[in-house]
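Chemist: Okay, here's the structure, questions in a sec.
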Amino acid sequence: MKIIVTGATGRLGSLAIRHLLNKVPANGMAAVVRNLDKAAPLAELGIEIRQADYNNPESLQTAFQEGSKLLFISSSAADDPLRIVQHANVVKAARDQHIRHIAYTSFAFAEDNPFAHVHLATEYAIRTTHIPYTFLRNGGYADFFINSSLQTCIQNGVITTNTGKGKINAVSRNDLALAAATALTESGHENKSYNLVSNNPWSFDDLAAILTEVSGTSVIHQPISMEEEKSLLVRSGMPEALAEMTAFIYSTVAEGKMERTADDLQKLIGHTTSIKQLVVEALHQ
Ligand SMILES: NC(=O)c1ccc[n+]([C@@H]2O[C@H](COP(=O)([O-])OP(=O)(O)OC[C@H]3O[C@@H](n4cnc5c(N)ncnc54)[C@H](OP(=O)(O)O)[C@@H]3O)[C@@H](O)[C@H]2O)c1
């Protein structure tokens, strides 16, 4: 019987596998991949590779055979109704193959988030099976905000955003991956929903202060409008659709929609990686 991990070639899935390897032997898990060409690094770790596509129910039935637990990483498809179908395929295969615990990567405070309907639909699909679940309601990934582009902000002495004074509860993918591995290998996490967000949210003013501290040069946060932010990002070379999405996400920050906190992540893994540490790591990438 094995722990099955879907989305294993993705950024979250591959980190979760590395954390699982600290808790169970390599032959105690199987990695489910859509594209076998991407699976070589996982195979080198001694992990069994199984090919399956969320669009292909039969491939999932085969991939989940003799699985005891499932780390179900949500699909990255852009089409939400398609994602619901894909996720239903995963849930049905888990039920048919007698999986005994599903940990699903949902989204933080899903019931109050108009962009999380797919995740709520999936949570309810899982509930219909009566399989013990852990809903890993992941917060936003911090690397959306804290990444190597901060080098340019240091050079310019300014970060320009439309986040205003809004605070952000984003967390590192690595912490979320550890949370997933922990929930599947420790007892007591069955039939629980965890909102895995930072218990210490930060603003871009805070980020500017940290950049000043770690770089030794003054960096300020300069607020601008959403339209100005979008134009700035497009002028810097970002594709228009991505610039629009970024400026929109920043506007939700300004509206306080990303500031809600919980201490579920802290309790589950014993820490949350600080923004300062994430900044230092991002600047050394
Ligand atoms: N919390 C957040 O801020 C946030 C942000 C963005 C996305 N997400 C969600 O979190 C998930 C994991 O994040 P991530 O960073 O690991 O994403 P990622 O790097 O894009 O990985 C997604 C994984 O899902 C696999 N996948 C996609 N469609 C599939 C299909 N039809 N059949 C089988 N496997 C499929 C991908 O396979 P390939 O390697 O073959 O592409 C990949 O392994 C995303 O898929 C998305 O649902 C969360």
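Here, A, B, ... name the chains of the structure tokens in the order displayed, residue numbers run from 1 inside each chain, and ligands are numbered from 1 in the same displayed order.
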Could you list, as number ranges by chain, all the residues within 9 Å of ligand 1, counting only C-alpha atoms and all ligand atoms?
Modeler: A: 6-15, 32-39, 51-56, 60, 73-78, 83, 86, 105-108, 119, 137-144, 170-171, 173, 176
Chemist: Could you go through range 75-230 of chain A and tell me which residues DSSP, when run on the backbone, assigns to strand (DSSP E), listing them as a count of residues only?
Modeler: 30
Chemist: I want to know what sits within 10 Å of Val118 in chain A, based on only C-alpha atoms, with residues of the same chain fewer than 4 positions away left out; could you give that as a list in words?
Modeler: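 Selected residues are Ser74, Asp80, Pro81, Leu82, Arg83, Ile84, Val85, His87, Ser106, Phe107, Ala110, Pro114, Thr122, Glu123 and Tyr124 of chain A.
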Chemist: Skipping near chain neighbours, those fewer than 3 positions away, what residues fall within 9 Å of range 185-187 of chain A using only C-alpha atoms, listed as a PyMOL selection string?
Modeler: chain A and resi 20+23-24+180-182+190
Chemist: Would you pick out the contacts of Val158 in chain A at 8 Å or less, using only C-alpha atoms, so that residues sharing its chain but fewer than 6 positions from it are not included, and give the list as a PDB file with all heavy atoms, in the first residue's frame?
Modeler:
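New file selection_21.pdb:
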```
ATOM      1  N   ALA A 208       9.206  46.692   1.722  1.00  0.00           N
ATOM      2  CA  ALA A 208      10.212  47.710   1.390  1.00  0.00           C
ATOM      3  C   ALA A 208      11.201  47.870   2.542  1.00  0.00           C
ATOM      4  O   ALA A 208      12.420  47.995   2.317  1.00  0.00           O
ATOM      5  CB  ALA A 208       9.526  49.039   1.079  1.00  0.00           C
ATOM      6  N   VAL A 219      14.919  51.406   0.152  1.00  0.00           N
ATOM      7  CA  VAL A 219      13.860  51.022  -0.798  1.00  0.00           C
ATOM      8  C   VAL A 219      12.540  51.497  -0.198  1.00  0.00           C
ATOM      9  O   VAL A 219      12.253  51.223   0.969  1.00  0.00           O
ATOM     10  CB  VAL A 219      13.803  49.499  -1.022  1.00  0.00           C
ATOM     11  CG1 VAL A 219      12.708  49.140  -2.019  1.00  0.00           C
ATOM     12  CG2 VAL A 219      15.147  48.956  -1.487  1.00  0.00           C
ATOM     13  N   ILE A 220      11.758  52.225  -0.993  1.00  0.00           N
ATOM     14  CA  ILE A 220      10.446  52.669  -0.499  1.00  0.00           C
ATOM     15  C   ILE A 220       9.334  51.992  -1.302  1.00  0.00           C
ATOM     16  O   ILE A 220       9.564  51.527  -2.426  1.00  0.00           O
ATOM     17  CB  ILE A 220      10.279  54.205  -0.605  1.00  0.00           C
ATOM     18  CG1 ILE A 220      10.449  54.669  -2.064  1.00  0.00           C
ATOM     19  CG2 ILE A 220      11.211  54.939   0.345  1.00  0.00           C
ATOM     20  CD1 ILE A 220       9.795  55.994  -2.341  1.00  0.00           C
ATOM     21  N   HIS A 221       8.144  51.946  -0.700  1.00  0.00           N
ATOM     22  CA  HIS A 221       6.959  51.458  -1.428  1.00  0.00           C
ATOM     23  C   HIS A 221       6.170  52.660  -1.913  1.00  0.00           C
ATOM     24  O   HIS A 221       5.747  53.500  -1.109  1.00  0.00           O
ATOM     25  CB  HIS A 221       6.089  50.601  -0.500  1.00  0.00           C
ATOM     26  CG  HIS A 221       4.800  50.184  -1.143  1.00  0.00           C
ATOM     27  ND1 HIS A 221       3.601  50.166  -0.465  1.00  0.00           N
ATOM     28  CD2 HIS A 221       4.519  49.781  -2.413  1.00  0.00           C
ATOM     29  CE1 HIS A 221       2.641  49.767  -1.287  1.00  0.00           C
ATOM     30  NE2 HIS A 221       3.170  49.521  -2.472  1.00  0.00           N
ATOM     31  N   GLN A 222       5.985  52.727  -3.218  1.00  0.00           N
ATOM     32  CA  GLN A 222       5.257  53.867  -3.804  1.00  0.00           C
ATOM     33  C   GLN A 222       3.901  53.389  -4.327  1.00  0.00           C
ATOM     34  O   GLN A 222       3.831  52.619  -5.281  1.00  0.00           O
ATOM     35  CB  GLN A 222       6.071  54.439  -4.962  1.00  0.00           C
ATOM     36  CG  GLN A 222       5.428  55.654  -5.590  1.00  0.00           C
ATOM     37  CD  GLN A 222       6.298  56.172  -6.723  1.00  0.00           C
ATOM     38  OE1 GLN A 222       7.515  56.254  -6.616  1.00  0.00           O
ATOM     39  NE2 GLN A 222       5.664  56.505  -7.834  1.00  0.00           N
TER      40      GLN A 222
END
```
Chemist: Which residues come within 9 Å of range 101-103 of chain A, counting only C-alpha atoms, excluding same-chain residues fewer than 6 positions away, as a VMD selection string?
Modeler: chain A and resid 68 to 73 91 94 126 131 to 136 180 183 to 184 190
